[in-house]
$ cat work15.tsv   # TSV, C-alpha atoms
chain	number	residue	atom	x	y	z
Q	1	MET	CA	0.00	0.00	0.00
Q	2	ASN	CA	1.72	3.17	-1.15
Q	3	THR	CA	1.86	6.26	1.02
Q	4	TRP	CA	1.49	9.59	-0.72
Q	5	MET	CA	3.73	12.42	0.50
Q	6	ARG	CA	3.86	16.06	-0.47
Q	7	PHE	CA	7.14	17.96	-0.61
Q	8	PRO	CA	7.88	21.58	-1.52
Q	9	GLY	CA	11.38	20.20	-2.08
Q	10	PHE	CA	13.16	16.98	-1.26
Q	11	LEU	CA	16.27	15.87	0.53
Q	12	LEU	CA	18.50	13.28	-1.09
Q	13	LEU	CA	20.32	11.68	1.82
Q	14	LEU	CA	23.44	9.57	1.45
Q	15	THR	CA	23.42	6.94	4.16
Q	16	LEU	CA	26.84	6.64	5.73
Q	17	PRO	CA	27.18	3.42	7.73
Q	18	LEU	CA	29.82	4.78	10.08
Q	19	LEU	CA	30.46	2.26	12.82
Q	20	GLN	CA	31.83	4.01	15.87
Q	21	ALA	CA	34.57	2.33	17.88
Q	22	CYS	CA	32.81	-0.20	20.09
Q	23	GLY	CA	32.61	0.75	23.71
Q	24	GLY	CA	32.70	-1.60	26.60
Q	25	GLY	CA	28.96	-2.32	26.29
Q	26	ALA	CA	29.19	-4.37	23.08
Q	27	SER	CA	29.29	-8.15	23.37
Q	28	ALA	CA	29.93	-11.09	21.06
Q	29	TRP	CA	27.09	-12.24	18.83
Q	30	GLN	CA	25.08	-14.96	20.59
Q	31	GLY	CA	22.98	-16.21	17.65
Q	32	THR	CA	23.23	-19.44	15.70
Q	33	ILE	CA	23.70	-20.38	12.04
Q	34	THR	CA	22.38	-23.75	10.89
Q	35	ASP	CA	21.71	-25.53	7.62
Q	36	SER	CA	18.25	-26.80	6.70
Q	37	ALA	CA	18.14	-28.78	3.46
Q	38	GLY	CA	20.72	-26.50	1.86
Q	39	VAL	CA	19.16	-23.27	3.20
Q	40	THR	CA	21.20	-21.23	5.69
Q	41	VAL	CA	19.14	-20.28	8.75
Q	42	VAL	CA	20.41	-17.36	10.83
Q	43	ASN	CA	18.80	-17.06	14.27
Q	44	ASN	CA	19.60	-13.70	15.83
Q	45	PRO	CA	19.30	-13.15	19.59
Q	46	SER	CA	16.79	-10.66	20.98
Q	47	VAL	CA	19.55	-8.77	22.83
Q	48	PRO	CA	21.06	-6.03	20.62
Q	49	LEU	CA	24.76	-6.32	19.79
Q	50	TRP	CA	25.55	-2.60	19.62
Q	51	ALA	CA	25.90	-0.44	22.67
Q	52	GLU	CA	24.22	2.96	22.90
Q	53	GLY	CA	26.06	5.43	20.68
Q	54	ASP	CA	27.32	2.77	18.25
Q	55	GLU	CA	24.39	3.19	15.84
Q	56	TRP	CA	24.83	4.07	12.17
Q	57	THR	CA	24.36	7.73	11.34
Q	58	VAL	CA	23.08	9.59	8.28
Q	59	THR	CA	24.52	12.79	6.82
Q	60	GLU	CA	22.78	15.16	4.40
Q	61	ASP	CA	24.67	15.02	1.11
Q	62	LEU	CA	22.56	17.16	-1.21
Q	63	LYS	CA	19.34	19.17	-1.10
Q	64	ILE	CA	17.27	19.99	-4.19
Q	65	GLY	CA	14.06	21.98	-4.05
Q	66	THR	CA	12.56	25.33	-3.18
Q	67	VAL	CA	9.25	26.58	-1.84
Q	68	ALA	CA	9.34	29.66	-4.08
Q	69	GLY	CA	11.60	30.14	-7.08
Q	70	GLU	CA	12.32	28.48	-10.39
Q	71	PRO	CA	9.54	25.98	-11.24
Q	72	GLU	CA	12.03	23.24	-12.17
Q	73	TYR	CA	13.04	23.11	-8.49
Q	74	GLN	CA	9.49	23.00	-7.08
Q	75	PHE	CA	7.94	19.61	-6.32
Q	76	ALA	CA	4.39	18.70	-5.32
Q	77	MET	CA	3.99	14.93	-4.93
Q	78	ILE	CA	6.85	12.45	-4.62
Q	79	LEU	CA	6.69	8.83	-3.44
Q	80	PRO	CA	9.33	8.37	-0.73
Q	81	VAL	CA	10.88	5.20	-2.16
Q	82	SER	CA	10.37	4.87	-5.91
Q	83	SER	CA	10.17	8.46	-7.23
Q	84	ILE	CA	13.93	9.13	-7.10
Q	85	ASP	CA	16.80	7.31	-8.80
Q	86	VAL	CA	20.48	8.03	-9.50
Q	87	ASP	CA	22.47	6.76	-12.49
Q	88	ARG	CA	26.12	5.73	-12.62
Q	89	GLN	CA	27.23	9.28	-13.46
Q	90	GLY	CA	25.46	10.67	-10.39
Q	91	ASN	CA	22.59	12.27	-12.33
Q	92	ILE	CA	19.38	12.42	-10.28
Q	93	TYR	CA	15.91	11.61	-11.68
Q	94	VAL	CA	12.78	12.76	-9.86
Q	95	MET	CA	9.22	11.75	-10.77
Q	96	ASP	CA	6.64	14.32	-9.66
Q	97	LEU	CA	3.20	12.69	-9.73
Q	98	GLN	CA	1.30	15.97	-9.68
Q	99	ALA	CA	3.33	17.57	-12.48
Q	100	GLN	CA	3.42	14.17	-14.26
Q	101	ASP	CA	6.99	14.60	-15.42
Q	102	VAL	CA	10.52	13.44	-14.64
Q	103	ARG	CA	13.07	16.13	-13.86
Q	104	VAL	CA	16.77	15.43	-14.33
Q	105	PHE	CA	19.51	17.05	-12.23
Q	106	ASP	CA	23.28	16.61	-12.40
Q	107	ALA	CA	25.39	15.32	-9.54
Q	108	GLN	CA	25.63	18.84	-8.08
Q	109	GLY	CA	21.85	19.26	-8.07
Q	110	GLN	CA	21.64	21.57	-11.10
Q	111	TYR	CA	18.58	21.19	-13.36
Q	112	VAL	CA	19.34	19.55	-16.73
Q	113	GLN	CA	16.06	18.69	-18.47
Q	114	THR	CA	12.48	17.43	-18.10
Q	115	LEU	CA	11.22	14.14	-19.51
Q	116	GLY	CA	7.56	13.66	-20.40
Q	117	GLY	CA	4.54	15.58	-19.21
Q	118	PRO	CA	0.82	15.01	-18.58
Q	119	GLY	CA	-1.12	13.02	-21.18
Q	120	SER	CA	-1.60	9.69	-22.88
Q	121	GLY	CA	0.53	10.24	-25.97
Q	122	PRO	CA	4.00	8.79	-26.58
Q	123	GLY	CA	6.38	9.81	-23.81
Q	124	GLU	CA	3.60	11.32	-21.69
Q	125	PHE	CA	2.53	10.16	-18.22
Q	126	SER	CA	-0.69	9.64	-16.29
Q	127	ALA	CA	-1.13	10.51	-12.62
Q	128	GLN	CA	-0.36	6.84	-11.83
Q	129	ALA	CA	3.22	7.02	-13.08
Q	130	GLY	CA	4.91	7.12	-9.70
Q	131	SER	CA	8.27	5.42	-10.28
Q	132	VAL	CA	11.43	6.15	-12.27
Q	133	PHE	CA	14.44	3.88	-12.80
Q	134	THR	CA	17.75	3.97	-14.65
Q	135	ASN	CA	19.40	0.79	-15.91
Q	136	ASN	CA	23.01	-0.17	-16.59
Q	137	ARG	CA	22.69	1.08	-20.19
Q	138	GLY	CA	21.84	4.61	-19.08
Q	139	GLU	CA	18.20	4.31	-20.14
Q	140	VAL	CA	15.37	5.79	-18.06
Q	141	LEU	CA	12.27	3.64	-17.51
Q	142	VAL	CA	8.94	4.98	-16.21
Q	143	PRO	CA	6.18	2.47	-15.33
Q	144	ASP	CA	2.74	4.02	-15.89
Q	145	LEU	CA	-0.33	2.09	-14.76
Q	146	GLY	CA	-2.75	4.73	-16.03
Q	147	ASN	CA	-1.44	4.37	-19.57
Q	148	GLN	CA	-0.67	0.66	-19.00
Q	149	ARG	CA	2.88	0.80	-20.29
Q	150	VAL	CA	6.51	1.33	-19.38
Q	151	SER	CA	8.08	4.25	-21.27
Q	152	ILE	CA	11.79	4.05	-22.11
Q	153	PHE	CA	14.01	7.10	-22.70
Q	154	ASN	CA	17.56	6.88	-24.09
Q	155	PRO	CA	20.54	8.36	-22.18
Q	156	GLY	CA	20.03	11.67	-23.98
Q	157	GLY	CA	16.43	11.97	-22.78
Q	158	GLN	CA	14.65	11.14	-26.06
Q	159	LEU	CA	11.79	8.63	-26.07
Q	160	ALA	CA	13.16	5.29	-27.28
Q	161	GLY	CA	9.95	3.29	-27.09
Q	162	SER	CA	7.63	1.58	-24.61
Q	163	PHE	CA	6.14	-1.80	-23.84
Q	164	PRO	CA	2.64	-2.65	-22.56
Q	165	VAL	CA	1.75	-3.70	-19.02
Q	166	GLN	CA	-0.98	-6.35	-19.02
Q	167	LEU	CA	-3.02	-5.66	-15.87
Q	168	GLN	CA	-5.10	-8.81	-16.42
Q	169	ALA	CA	-2.13	-10.85	-15.15
Q	170	GLY	CA	-2.07	-8.87	-11.88
Q	171	VAL	CA	-1.67	-5.26	-10.83
Q	172	PRO	CA	1.97	-4.18	-10.28
Q	173	VAL	CA	2.03	-2.73	-6.77
Q	174	ARG	CA	5.80	-2.22	-6.59
Q	175	TRP	CA	8.49	-1.90	-9.24
Q	176	LYS	CA	12.26	-2.39	-8.97
Q	177	MET	CA	15.22	-2.42	-11.36
Q	178	GLY	CA	17.17	-5.68	-11.31
Q	179	ALA	CA	20.95	-5.91	-11.24
Q	180	SER	CA	21.02	-6.97	-14.90
Q	181	GLY	CA	18.98	-3.95	-16.02
Q	182	GLN	CA	15.66	-5.77	-16.34
Q	183	ILE	CA	12.61	-4.22	-14.72
Q	184	MET	CA	10.73	-6.25	-12.11
Q	185	ALA	CA	7.33	-5.93	-10.44
Q	186	GLN	CA	5.35	-7.40	-7.57
Q	187	LEU	CA	1.92	-8.40	-8.91
Q	188	ARG	CA	-1.24	-8.26	-6.81
Q	189	GLY	CA	-4.28	-10.28	-7.79
Q	190	LEU	CA	-7.85	-8.98	-7.46
Q	191	ASN	CA	-11.07	-10.93	-7.19
Q	192	VAL	CA	-12.73	-9.11	-10.07
Q	193	GLN	CA	-13.85	-10.26	-13.49
Q	194	GLY	CA	-11.14	-10.32	-16.14
Q	195	MET	CA	-8.23	-10.20	-13.69
Q	196	ALA	CA	-6.07	-12.91	-12.16
Q	197	ALA	CA	-6.89	-13.60	-8.49
Q	198	LEU	CA	-3.34	-14.89	-7.69
Q	199	ALA	CA	-4.67	-16.64	-4.59
Q	200	GLU	CA	-1.30	-18.27	-3.79
Q	201	GLY	CA	0.39	-14.91	-3.23
Q	202	ASP	CA	2.14	-12.03	-5.00
Q	203	PRO	CA	4.70	-13.16	-7.60
Q	204	ILE	CA	7.75	-11.00	-8.29
Q	205	VAL	CA	8.21	-11.19	-12.04
Q	206	VAL	CA	10.88	-10.07	-14.51
Q	207	TYR	CA	9.93	-8.40	-17.81
Q	208	ASP	CA	11.89	-8.34	-21.05
Q	209	THR	CA	12.01	-5.25	-23.27
Q	210	THR	CA	8.72	-6.21	-24.96
Q	211	GLY	CA	6.71	-6.57	-21.74
Q	212	VAL	CA	6.74	-10.37	-21.68
Q	213	VAL	CA	7.22	-11.97	-18.27
Q	214	VAL	CA	10.38	-14.08	-18.61
Q	215	ASP	CA	10.88	-15.21	-15.02
Q	216	THR	CA	9.28	-15.39	-11.57
Q	217	VAL	CA	11.94	-14.98	-8.87
Q	218	ALA	CA	9.87	-15.11	-5.68
Q	219	LEU	CA	6.33	-15.69	-4.45
Q	220	LEU	CA	5.39	-13.37	-1.61
Q	221	PRO	CA	2.64	-14.20	0.89
Q	222	GLN	CA	-0.62	-12.56	-0.09
Q	223	GLY	CA	-1.10	-9.12	1.43
Q	224	GLN	CA	-4.20	-8.42	3.51
Q	225	PRO	CA	-5.01	-4.70	2.88
Q	226	LEU	CA	-7.28	-5.67	-0.05
Q	227	ALA	CA	-8.51	-8.97	1.38
Q	228	GLY	CA	-12.14	-9.53	0.50
Q	229	ALA	CA	-12.26	-6.89	-2.23
Q	230	THR	CA	-14.60	-7.87	-5.07
Q	231	GLN	CA	-15.99	-6.28	-8.19
Q	232	GLU	CA	-19.10	-5.32	-6.23
Q	233	GLN	CA	-17.37	-4.09	-3.08
Q	234	PHE	CA	-13.94	-2.53	-2.59
Q	235	ARG	CA	-12.63	-2.83	0.95
Q	236	MET	CA	-9.21	-1.83	2.27
Q	237	VAL	CA	-7.97	-2.98	5.67
Q	238	VAL	CA	-5.63	-0.39	7.20
Q	239	PHE	CA	-2.48	-1.68	8.96
Q	240	ALA	CA	-3.10	-5.25	7.76
Q	241	PRO	CA	-0.03	-7.48	7.17
Q	242	GLU	CA	1.67	-6.74	3.87
Q	243	PRO	CA	4.69	-8.30	2.11
Q	244	VAL	CA	7.78	-6.12	1.69
Q	245	TRP	CA	10.84	-6.80	-0.44
Q	246	ASP	CA	14.04	-5.34	-1.84
Q	247	LEU	CA	17.07	-6.27	-3.95
Q	248	ASN	CA	20.74	-6.24	-3.03
Q	249	GLU	CA	23.65	-5.46	-5.35
Q	250	SER	CA	24.16	-9.12	-6.30
Q	251	GLY	CA	20.56	-9.45	-7.53
Q	252	SER	CA	19.28	-11.47	-4.57
Q	253	ILE	CA	15.75	-10.75	-3.32
Q	254	LEU	CA	15.05	-10.15	0.36
Q	255	TYR	CA	11.41	-10.38	1.41
Q	256	ALA	CA	9.24	-10.65	4.52
Q	257	MET	CA	5.85	-9.84	6.00
Q	258	ASN	CA	5.83	-6.52	7.81
Q	259	ASP	CA	4.26	-7.98	10.96
Q	260	GLN	CA	7.09	-10.41	11.74
Q	261	TYR	CA	10.89	-10.60	11.87
Q	262	ARG	CA	11.58	-13.37	9.36
Q	263	ILE	CA	13.48	-12.37	6.23
Q	264	LEU	CA	13.86	-14.80	3.33
Q	265	VAL	CA	16.61	-14.39	0.75
Q	266	ASN	CA	16.30	-15.80	-2.76
Q	267	GLY	CA	19.37	-15.85	-4.99
Q	268	PRO	CA	19.33	-14.31	-8.49
Q	269	ASP	CA	18.14	-17.69	-9.80
Q	270	GLY	CA	15.03	-17.50	-7.60
Q	271	ASN	CA	16.05	-20.31	-5.22
Q	272	LEU	CA	15.75	-19.81	-1.45
Q	273	GLU	CA	19.25	-19.47	0.05
Q	274	ARG	CA	18.89	-17.93	3.51
Q	275	ILE	CA	16.37	-17.28	6.28
Q	276	ILE	CA	17.09	-14.57	8.86
Q	277	THR	CA	15.06	-14.54	12.07
Q	278	ARG	CA	14.93	-12.72	15.39
Q	279	PRO	CA	12.56	-13.26	18.31
Q	280	THR	CA	10.12	-10.39	18.73
Q	281	GLU	CA	7.24	-9.58	21.02
Q	282	THR	CA	4.07	-8.17	19.51
Q	283	LYS	CA	2.92	-5.01	21.26
Q	284	ALA	CA	-0.73	-5.09	22.27
Q	285	VAL	CA	-2.94	-2.34	20.86
Q	286	GLU	CA	-4.12	-0.07	23.67
Q	287	GLU	CA	-7.73	1.03	23.96
Q	288	SER	CA	-6.67	4.67	23.54
Q	289	GLU	CA	-4.97	3.77	20.25
Q	290	LYS	CA	-8.12	2.09	18.96
Q	291	LYS	CA	-10.13	5.23	19.71
Q	292	CYS	CA	-7.64	7.39	17.77
Q	293	HIS	CA	-8.41	5.50	14.54
Q	294	HIS	CA	-12.20	5.50	14.83
$ encode --input "work15.tsv" --output "structure tokens"
Amino acid sequence: MNTWMRFPGFLLLLTLPLLQACGGGASAWQGTITDSAGVTVVNNPSVPLWAEGDEWTVTEDLKIGTVAGEPEYQFAMILPVSSIDVDRQGNIYVMDLQAQDVRVFDAQGQYVQTLGGPGSGPGEFSAQAGSVFTNNRGEVLVPDLGNQRVSIFNPGGQLAGSFPVQLQAGVPVRWKMGASGQIMAQLRGLNVQGMAALAEGDPIVVYDTTGVVVDTVALLPQGQPLAGATQEQFRMVVFAPEPVWDLNESGSILYAMNDQYRILVNGPDGNLERIITRPTETKAVEESEKKCHH
């Protein structure tokens, strides 16, 4: 379930994993690593390893945006995860859902050009184009559910083509760019006529440059926010368990349900390689918290 956020500008933060020198409070790791039918199982202890003050820190690297000034630097609606990408040269791409365009900035934050604009014609975007990605060939890809396609721009910013997105096979609820430059999506089934229900869960699929699904690399547990939705009645359950996933630099997929600490890792070939766990205690919902959401 995507969260919409409004920004008069945005901060691009470079995460710096600076490990401070361990103080006397840190102890040796007390977990276990076992093998289960060729799958590595890592059981972490509930006691944290780092002492207070040893946490990673983040430092602001660059800020782009203004409340009042040149329009190229003003932003209205940006998704916090998928609306920003950076290519190998350090150029920054920002998808603004309200403006329905992609703005390009150089590594110093200076405006370069704008890709697309509102509409349904070639190279134009609907209000449901919320993601932008760059691949290892320098191309820019923009998935657009409203226009049911993925638009592709060459490294110079000219439209190079597009391929269709077939919503009948499942609605892409999250997009990612794979390590090999192929675009991937998590598909969500719906219990409505003409669409796949995908009752077994949400597949993560890989598309080729024509929009054909060429691989399924993971099957996520089915999310519950849209459980029970039908063609006659649409119902969304707030704060219901939902699958989450990401990719690492090697192309492996890490995925879990957001109501538990159990992370599964599939290799680039789609096979389960590792399970990471940690004991957790579910916090009971207080009566005062229930009243806040009524």
$ closest_residue --input "work15.tsv" --among "Q:Val244, Q:Thr282, Q:Ile276, Q:Leu219" --to "Thr32 of chain Q" --atoms "all atoms listed in the file"
Q:Ile276
$ closest_residue --input "work15.tsv" --among "Q:Ser131, Q:Ser126, Q:Ser120, Q:Gln193" --to "Val94 of chain Q" --atoms "all atoms listed in the file"
Q:Ser131
$ atom_distance --input "work15.tsv" --atom1 "atom CA of Ile64 of chain Q" --atom2 "atom CA of Gln100 of chain Q"
18.1 Å
$ closest_residue --input "work15.tsv" --among "Q:Gln128, Q:Gln98, Q:Gln186, Q:Asn91" --to "Val140 of chain Q" --atoms "only C-alpha atoms"
Q:Asn91
$ closest_residue --input "work15.tsv" --among "Q:Gly53, Q:Gly223, Q:Gly121, Q:Gly251" --to "Phe239 of chain Q" --atoms "all atoms listed in the file"
Q:Gly223
$ atom_distance --input "work15.tsv" --atom1 "atom CA of Met184 of chain Q" --atom2 "atom CA of Ile152 of chain Q"
14.4 Å
$ residues_around --input "work15.tsv" --residues "Ala185 of chain Q" --least-positions-apart "2" --cutoff "9 Å" --atoms "all atoms listed in the file" --output "PyMOL selection string"
chain Q and resi 172-177+183+187+203-207
$ build_atoms --input "work15.tsv" --residues "segment 32-57 of chain Q" --atoms "N, CA and C atoms" --output "mmCIF file, in the coordinates of the input"
data_model
loop_
_atom_site.group_PDB
_atom_site.id
_atom_site.type_symbol
_atom_site.label_atom_id
_atom_site.label_comp_id
_atom_site.auth_asym_id
_atom_site.auth_seq_id
_atom_site.Cartn_x
_atom_site.Cartn_y
_atom_site.Cartn_z
ATOM 1 N N THR Q 32 22.799 -18.170 16.267
ATOM 2 C CA THR Q 32 23.230 -19.440 15.700
ATOM 3 C C THR Q 32 23.018 -19.425 14.188
ATOM 4 N N ILE Q 33 23.838 -20.194 13.483
ATOM 5 C CA ILE Q 33 23.700 -20.380 12.040
ATOM 6 C C ILE Q 33 23.645 -21.879 11.785
ATOM 7 N N THR Q 34 22.559 -22.330 11.165
ATOM 8 C CA THR Q 34 22.380 -23.750 10.890
ATOM 9 C C THR Q 34 22.051 -23.943 9.415
ATOM 10 N N ASP Q 35 22.058 -25.177 8.991
ATOM 11 C CA ASP Q 35 21.710 -25.530 7.620
ATOM 12 C C ASP Q 35 20.456 -26.392 7.639
ATOM 13 N N SER Q 36 19.482 -26.032 6.800
ATOM 14 C CA SER Q 36 18.250 -26.800 6.700
ATOM 15 C C SER Q 36 17.985 -27.118 5.239
ATOM 16 N N ALA Q 37 18.329 -28.329 4.834
ATOM 17 C CA ALA Q 37 18.140 -28.780 3.460
ATOM 18 C C ALA Q 37 18.769 -27.830 2.447
ATOM 19 N N GLY Q 38 19.993 -27.381 2.764
ATOM 20 C CA GLY Q 38 20.720 -26.500 1.860
ATOM 21 C C GLY Q 38 20.397 -25.024 2.013
ATOM 22 N N VAL Q 39 19.507 -24.676 2.943
ATOM 23 C CA VAL Q 39 19.160 -23.270 3.200
ATOM 24 C C VAL Q 39 19.820 -22.849 4.513
ATOM 25 N N THR Q 40 20.568 -21.757 4.486
ATOM 26 C CA THR Q 40 21.200 -21.230 5.690
ATOM 27 C C THR Q 40 20.176 -20.515 6.545
ATOM 28 N N VAL Q 41 20.087 -20.898 7.819
ATOM 29 C CA VAL Q 41 19.140 -20.280 8.750
ATOM 30 C C VAL Q 41 19.926 -19.531 9.813
ATOM 31 N N VAL Q 42 19.720 -18.219 9.862
ATOM 32 C CA VAL Q 42 20.410 -17.360 10.830
ATOM 33 C C VAL Q 42 19.412 -16.954 11.900
ATOM 34 N N ASN Q 43 19.668 -17.403 13.134
ATOM 35 C CA ASN Q 43 18.800 -17.060 14.270
ATOM 36 C C ASN Q 43 19.509 -16.015 15.119
ATOM 37 N N ASN Q 44 19.015 -14.780 15.052
ATOM 38 C CA ASN Q 44 19.600 -13.700 15.830
ATOM 39 C C ASN Q 44 19.032 -13.679 17.243
ATOM 40 N N PRO Q 45 19.831 -13.275 18.231
ATOM 41 C CA PRO Q 45 19.300 -13.150 19.590
ATOM 42 C C PRO Q 45 18.451 -11.894 19.720
ATOM 43 N N SER Q 46 17.625 -11.838 20.758
ATOM 44 C CA SER Q 46 16.790 -10.660 20.980
ATOM 45 C C SER Q 46 17.584 -9.508 21.582
ATOM 46 N N VAL Q 47 18.730 -9.823 22.214
ATOM 47 C CA VAL Q 47 19.550 -8.770 22.830
ATOM 48 C C VAL Q 47 20.362 -8.072 21.748
ATOM 49 N N PRO Q 48 20.301 -6.733 21.654
ATOM 50 C CA PRO Q 48 21.060 -6.030 20.620
ATOM 51 C C PRO Q 48 22.564 -6.165 20.833
ATOM 52 N N LEU Q 49 23.315 -6.163 19.726
ATOM 53 C CA LEU Q 49 24.760 -6.320 19.790
ATOM 54 C C LEU Q 49 25.460 -4.987 20.046
ATOM 55 N N TRP Q 50 24.905 -3.901 19.479
ATOM 56 C CA TRP Q 50 25.550 -2.600 19.620
ATOM 57 C C TRP Q 50 25.184 -1.937 20.944
ATOM 58 N N ALA Q 51 26.148 -1.239 21.481
ATOM 59 C CA ALA Q 51 25.900 -0.440 22.670
ATOM 60 C C ALA Q 51 25.338 0.915 22.254
ATOM 61 N N GLU Q 52 24.770 1.641 23.195
ATOM 62 C CA GLU Q 52 24.220 2.960 22.900
ATOM 63 C C GLU Q 52 25.326 3.885 22.389
ATOM 64 N N GLY Q 53 25.059 4.553 21.287
ATOM 65 C CA GLY Q 53 26.060 5.430 20.680
ATOM 66 C C GLY Q 53 26.823 4.788 19.543
ATOM 67 N N ASP Q 54 26.628 3.474 19.331
ATOM 68 C CA ASP Q 54 27.320 2.770 18.250
ATOM 69 C C ASP Q 54 26.481 2.705 16.969
ATOM 70 N N GLU Q 55 25.296 3.317 16.971
ATOM 71 C CA GLU Q 55 24.390 3.190 15.840
ATOM 72 C C GLU Q 55 24.958 3.858 14.594
ATOM 73 N N TRP Q 56 24.490 3.393 13.416
ATOM 74 C CA TRP Q 56 24.830 4.070 12.170
ATOM 75 C C TRP Q 56 24.230 5.470 12.173
ATOM 76 N N THR Q 57 24.854 6.365 11.436
ATOM 77 C CA THR Q 57 24.360 7.730 11.340
ATOM 78 C C THR Q 57 24.164 8.110 9.878
#
